[in-house]
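In what follows, a structure is listed as structure tokens, so that the remarks can point back to it.
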Amino acid sequence: MPHLDAQSIRALADGRQSMPFDVLGLHALRGSDDPGRVVRAMLPWARDAWLVRGEQVLPMECLDHAGVFELVFEDETDWFPYRLRARGWHAEEAVEFDDPYRLSPVLDEERLVHFHQGHESRAHEVLGAQRMQHEGFEGTVFSVWAPNAEAISVIASFNGWDPRTHPMRPRGQTGVWELFIPGVTSGDFYKYSIHTMQGQRLEKSDPYARAMEMRPRSASVVVDERDYEWRDQEWMEQRVERQHPDGRPISIYEVHLGSWRRNPDEEEQTWYWLSYRELAEQMLPYVAELGFTHVELLPVTEHPFDGSWGYQTLGYFAPTSRFGTPDDFRYFVDEAHRLGLGVILDWVPAHFPTDAHGLAWFDGTHLYEHADPRKGEHPDWGTLVFNYGRNEVSSFLVSSAVYWLEQFHVDGLRVDAVASMLYLDYSREAGQWIPNQYGGRENLEAIAFLKRVNEVVHHECPGVLTFAEESTAWPGVSRPVDHGGLGFDLKWNMGWMNDTLDYLENDPLFRKHMHDRLTFSLVYAFSERFLLPLSHDEVVHGKRALVTKMPGFDPDRFATLRALYGYMWTHPGKKLLFMGCEIAQWSEWNHEGSLEWHLLDDPLHRGVQELVGRLNHLLGDEPALYQRDFSSEGFEWIDGSDADRSIIAYLRWNEDWSRAVAVVSNFTPMRWEGYQLGVPFAGSWSLRVNTADPGFGGSHAIRGEAFDTAEEPWHGRPVSVRFDLPPLSTVILTAERSGR
């Protein structure tokens with residue numbers, strides 16, 4: 001007669017046993033002090049099972065056709081070690097293995113408390129699939145937060161994806177379920193089978209998975225993170241100094257890894273992605289040679305839909321498998337650091353997609369998202385909004401940020417769609433949003449989360465940078481939290497980008513009527529620590545490639561684009577340029593294709609690339625162009641009012657006022673011979689860049705390499721220089737003050 005009631009047998013057979021350690025493994029038959037022990041196992045795949053105890057191999061009784069086996073030791077009084085042996089229905093040989101249900105719990109109670117309080121910044125060390133040794137066994141502990149589930153099982157490649165084989169144990173009232181399974185190793189695929197209180201069965205990927213299958217498959221993958229040997233110690237030791245935004249140049253090359261370059265597969269007559277390692281070998285030297293200081297990657301967090309470009313993330317701890325393994329991505333970052341490049345990741349805590357295997361309705365309830373669609377659904381993107389007020393969600397997201405910075409040595413995070421997080425009424429009409437507790441539109445929970453994540457990452461990962469894509473006038477985005485700000489290092493200057501492109505897309509004849517579009521950015525340029533972006537968002541969805549935004553015939557289009565770059569690289573603020581813009585690609589960016597590298601056979605396109613490289617190297621060589629990016633003392637107008645000629649002229653100063661950069665941008669197709677420019681001190685002013693130079697594909701060289709000042713006051717300055725100002729150009733001069 002079985003020593004297990006029918007209800008418990010049925011729960012095991014149905015895969016909804018919520019307390020598996022109460023019935024499986026080694027137990028006392030009656031009270032804990034009474035003689036008699038019983039071993040039970042749930043083996044739905046087995047036709048026969050045995051218990052192996054030392055030299056003994058003892059047959060087990062099958063209690064149910066679903067595979068519940070039992071062996072009773074009537075007179076046994078001690079606990080004893082054992083293994084299980086079983087033979088499948090279609091196998092000749094039996095396999096022997098360790099029973100996970102004879103082992104004690106793994107997870108640390110104190111860290112679970114911190115997780116629930118929202119104070120755990122490394123929840124990935126507690127949850128997910130962790131390769132480890134436990135009680136002398138090598139294996140993997142699986143753990144997942146699902147407080148409203150009735151029962152959860154690990155379903156996997158090693159158990160035939162059967163939810164009856166490996167039911168998990170709940171950890172008290174924490175809502176966390178765990179199971180250590182001996183023998184599970186790297187490369188094994190798994191999911192969680194969640195039996196909800198409503199009687200549904202959901203199959204979910206692991207929110208904390210370190211790797212995931214290539215879409216359309218959606219299993220998580222066990223990964224051992226203990227093997228990679230980093231070679232970037234020098235970079236990491238110098239990162240605080242290298243990345244200090246107040247004193248270092250920052251010029252970022254923004255990249256979508258899947259479409260930077262694709263290689264042909266002649267047999268398949270298609271194109272395939274470069275791997276992380278191929279990109280490290282091909283792309284990173286290119287970026288470094290052009291003088292960029294950083295590469296920024298559109299999200300490489302795992303995502304199911306290619307067309308989201310990674311902005312609809314499901315794998316918040318998993319580099320996308322499209323380009324290789326997590327260690328391959330580590331190699332990419334390692335190689336970037338060897339070349340002197342920082343790596344910035346786009347990170348998306350603002351929303352997540354509704355895919356059935358993901359975070360949505362995770363345990364049969366709105367666990368990660370708000371239940372009320374007026375807070376939980378994003379109207380623009382068809383996605384779900386995180387419930388930032390839930391402590392466990394905060395721990396999840398903060399841990400994701402820390403994970404990328406620590407485990408992959410990433411140097412910065414660009415937080416996407418910050419504006420959508422800050423405002424409860426973002427992209428919503430009246431009646432479609434819920435005011436905060438004070439009746440306002442500010443999302444107080446999201447604000448607290450953004451402050452927390454910035455505080456944590458700057459404390460835990462010295463030298464990293466955080467960037468906010470924030471398009472409104474929210475005050476203090478880049479101000480430290482203890483000074484009342486959100487705590488970001490830099491904010492994208494969307495106003496500068498929109499005004500500048502709006503200005504340049506107009507015919508030069510009419511630009512004099514909108515001169516303030518050029519000068520307005522300097523009204524607020526020092527209210528935040530700004531980054532000037534010409535990003536992927538400006539060259540998709542019918543917005544056209546940058547060069548095709550410019551009016552006129554091709555020579556004027558290219559000239560205007562070059563003048564824009566000269567203006568951008570000398571304007572206060574750090575720089576960001578999307579891939580393909582450095583070669584003046586004709587087409588809009590297409591994530592399914594490759595950049596138009598053949599265009600470099602044309603001198604016009606090659607000239608733009610040469611100019612970008614020259615500007616980057618000038619930025620690195622000339623402290624006046626970066627040391628005072630965030631201080632009004634580092635900028636002076638020479639002439640910001642020449643609207644009739646669409647000319648602006650200004651100065652940039654270094655920290656000790658010993659060097660100055662003078663910049664003149666002419667945004668009309670008129671050449672001004674003998675243009676007179678007032679400068680602050682006498683001496684020889686060297687010509688560093690003329691964007692209209694033939695070397696950059698232009699047709700207007702400037703005679704001379706330097707210009708001596710004349711004692712002719714101009715522009716309110718004591719001395720001046722004269723040179724021929726080319727049409728549609730930016731001219732950059734530098735000089736050192738003598739006697740200092």
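So you can find residues: chains in the structure tokens are A, B, ... in the order shown, residues in each start at 1, and ligands are numbered from 1 in order.
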_So that I can see what lies close to Leu367 (chain A), please list as a VMD selection string the residues with an atom at most 12 Å from it, counting only C-alpha atoms and leaving out residues fewer than 6 positions away in the same chain._
chain A and resid 145 to 149 175 207 358 to 361 376 384 to 393 396
*Write out as a PyMOL selection string each polymer residue whose atoms come within 9 Å of region 445-459 of chain A, counting only C-alpha atoms; drop sequence neighbours fewer than 6 positions from it.*
chain A and resi 121+350+386-390+394+397-399+401-402+405+418+421-423+465-466+480-481+485-489
Please produce a file of the residues just selected, as an mmCIF file, in the first residue's frame, where the atoms kept are N, CA and C atoms.
data_model
loop_
_atom_site.group_PDB
_atom_site.id
_atom_site.type_symbol
_atom_site.label_atom_id
_atom_site.label_comp_id
_atom_site.auth_asym_id
_atom_site.auth_seq_id
_atom_site.Cartn_x
_atom_site.Cartn_y
_atom_site.Cartn_z
ATOM 1 N N SER A 121 20.706 45.165 -5.422
ATOM 2 C CA SER A 121 21.241 45.673 -6.686
ATOM 3 C C SER A 121 21.909 44.584 -7.516
ATOM 4 N N ALA A 350 11.909 51.448 -19.788
ATOM 5 C CA ALA A 350 10.657 52.201 -19.893
ATOM 6 C C ALA A 350 9.455 51.315 -20.201
ATOM 7 N N PHE A 386 6.484 49.186 -16.934
ATOM 8 C CA PHE A 386 6.874 48.601 -15.652
ATOM 9 C C PHE A 386 6.167 49.301 -14.491
ATOM 10 N N ASN A 387 5.870 48.519 -13.474
ATOM 11 C CA ASN A 387 5.329 49.050 -12.221
ATOM 12 C C ASN A 387 6.513 49.410 -11.327
ATOM 13 N N TYR A 388 6.978 50.656 -11.455
ATOM 14 C CA TYR A 388 8.180 51.079 -10.733
ATOM 15 C C TYR A 388 7.951 51.152 -9.231
ATOM 16 N N GLY A 389 6.700 51.191 -8.814
ATOM 17 C CA GLY A 389 6.416 51.250 -7.387
ATOM 18 C C GLY A 389 6.526 49.914 -6.699
ATOM 19 N N ARG A 390 6.713 48.862 -7.461
ATOM 20 C CA ARG A 390 6.848 47.528 -6.870
ATOM 21 C C ARG A 390 8.323 47.267 -6.579
ATOM 22 N N SER A 394 11.795 47.110 -9.071
ATOM 23 C CA SER A 394 12.940 48.003 -8.935
ATOM 24 C C SER A 394 14.232 47.206 -8.781
ATOM 25 N N LEU A 397 15.225 45.762 -12.260
ATOM 26 C CA LEU A 397 15.771 46.704 -13.235
ATOM 27 C C LEU A 397 17.120 47.267 -12.793
ATOM 28 N N VAL A 398 17.244 47.624 -11.521
ATOM 29 C CA VAL A 398 18.529 48.118 -11.036
ATOM 30 C C VAL A 398 19.599 47.045 -11.207
ATOM 31 N N SER A 399 19.250 45.807 -10.927
ATOM 32 C CA SER A 399 20.207 44.704 -11.078
ATOM 33 C C SER A 399 20.599 44.511 -12.534
ATOM 34 N N ALA A 401 20.874 46.870 -14.773
ATOM 35 C CA ALA A 401 21.870 47.898 -15.069
ATOM 36 C C ALA A 401 23.237 47.517 -14.514
ATOM 37 N N VAL A 402 23.283 47.110 -13.264
ATOM 38 C CA VAL A 402 24.550 46.740 -12.631
ATOM 39 C C VAL A 402 25.163 45.535 -13.326
ATOM 40 N N LEU A 405 27.089 46.452 -16.478
ATOM 41 C CA LEU A 405 28.289 47.220 -16.166
ATOM 42 C C LEU A 405 29.360 46.354 -15.528
ATOM 43 N N VAL A 418 13.214 58.288 -21.655
ATOM 44 C CA VAL A 418 13.067 58.778 -20.284
ATOM 45 C C VAL A 418 11.822 59.653 -20.142
ATOM 46 N N MET A 421 8.776 57.933 -19.201
ATOM 47 C CA MET A 421 8.758 57.459 -17.829
ATOM 48 C C MET A 421 8.375 58.572 -16.858
ATOM 49 N N LEU A 422 8.750 59.786 -17.167
ATOM 50 C CA LEU A 422 8.582 60.880 -16.221
ATOM 51 C C LEU A 422 7.148 61.370 -16.118
ATOM 52 N N TYR A 423 6.386 61.217 -17.203
ATOM 53 C CA TYR A 423 5.055 61.819 -17.252
ATOM 54 C C TYR A 423 3.974 60.751 -17.364
ATOM 55 N N LEU A 465 29.174 56.081 -17.173
ATOM 56 C CA LEU A 465 28.362 57.228 -17.561
ATOM 57 C C LEU A 465 26.930 56.782 -17.802
ATOM 58 N N THR A 466 25.985 57.631 -17.445
ATOM 59 C CA THR A 466 24.591 57.375 -17.786
ATOM 60 C C THR A 466 24.067 58.552 -18.599
ATOM 61 N N PRO A 480 23.194 65.946 -10.051
ATOM 62 C CA PRO A 480 23.273 64.833 -9.092
ATOM 63 C C PRO A 480 22.009 64.732 -8.242
ATOM 64 N N VAL A 481 21.719 63.517 -7.811
ATOM 65 C CA VAL A 481 20.518 63.283 -7.014
ATOM 66 C C VAL A 481 20.553 64.083 -5.721
ATOM 67 N N GLY A 485 18.547 66.535 -8.571
ATOM 68 C CA GLY A 485 18.394 66.112 -9.957
ATOM 69 C C GLY A 485 18.056 64.637 -10.089
ATOM 70 N N LEU A 486 18.015 64.181 -11.337
ATOM 71 C CA LEU A 486 17.759 62.764 -11.608
ATOM 72 C C LEU A 486 19.030 61.933 -11.556
ATOM 73 N N GLY A 487 20.205 62.583 -11.653
ATOM 74 C CA GLY A 487 21.456 61.871 -11.458
ATOM 75 C C GLY A 487 22.143 61.373 -12.709
ATOM 76 N N PHE A 488 21.642 61.719 -13.908
ATOM 77 C CA PHE A 488 22.328 61.318 -15.133
ATOM 78 C C PHE A 488 23.592 62.159 -15.322
ATOM 79 N N ASP A 489 24.563 61.595 -16.046
ATOM 80 C CA ASP A 489 25.766 62.356 -16.373
ATOM 81 C C ASP A 489 25.517 63.309 -17.535
#
_Given only C-alpha atoms as the basis, pick out the residue of A:Arg231, A:Lys204, A:Arg737, A:Lys574 nearest to Asn654 (chain A)._
A:Arg737
_Nearby residues (only C-alpha atoms) at most 12 Å from Glu712 (chain A), same-chain spacing under 5 positions excluded, as a list in words_ =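 Everything that qualifies: Gln676, Leu677, Gly678, Val679, Pro680, Phe681, Ala682, Arg717, Pro718, Val719, Ser720, Val721 and Arg722 of chain A.
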*Between A:Ala419, A:Ile344, A:Ile181, A:Ala46, which has the minimum distance to Trp474 (chain A) (counting only C-alpha atoms)?*
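The closest residue to Trp474 (chain A) is A:Ala419.
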*In Å, how far is it from CA of Asn436 (chain A) to CA of Arg529 (chain A)?*
28.7 Å
*What gap, in Å, lies between CA of Met670 (chain A) and CA of Arg645 (chain A)?*
8.3 Å
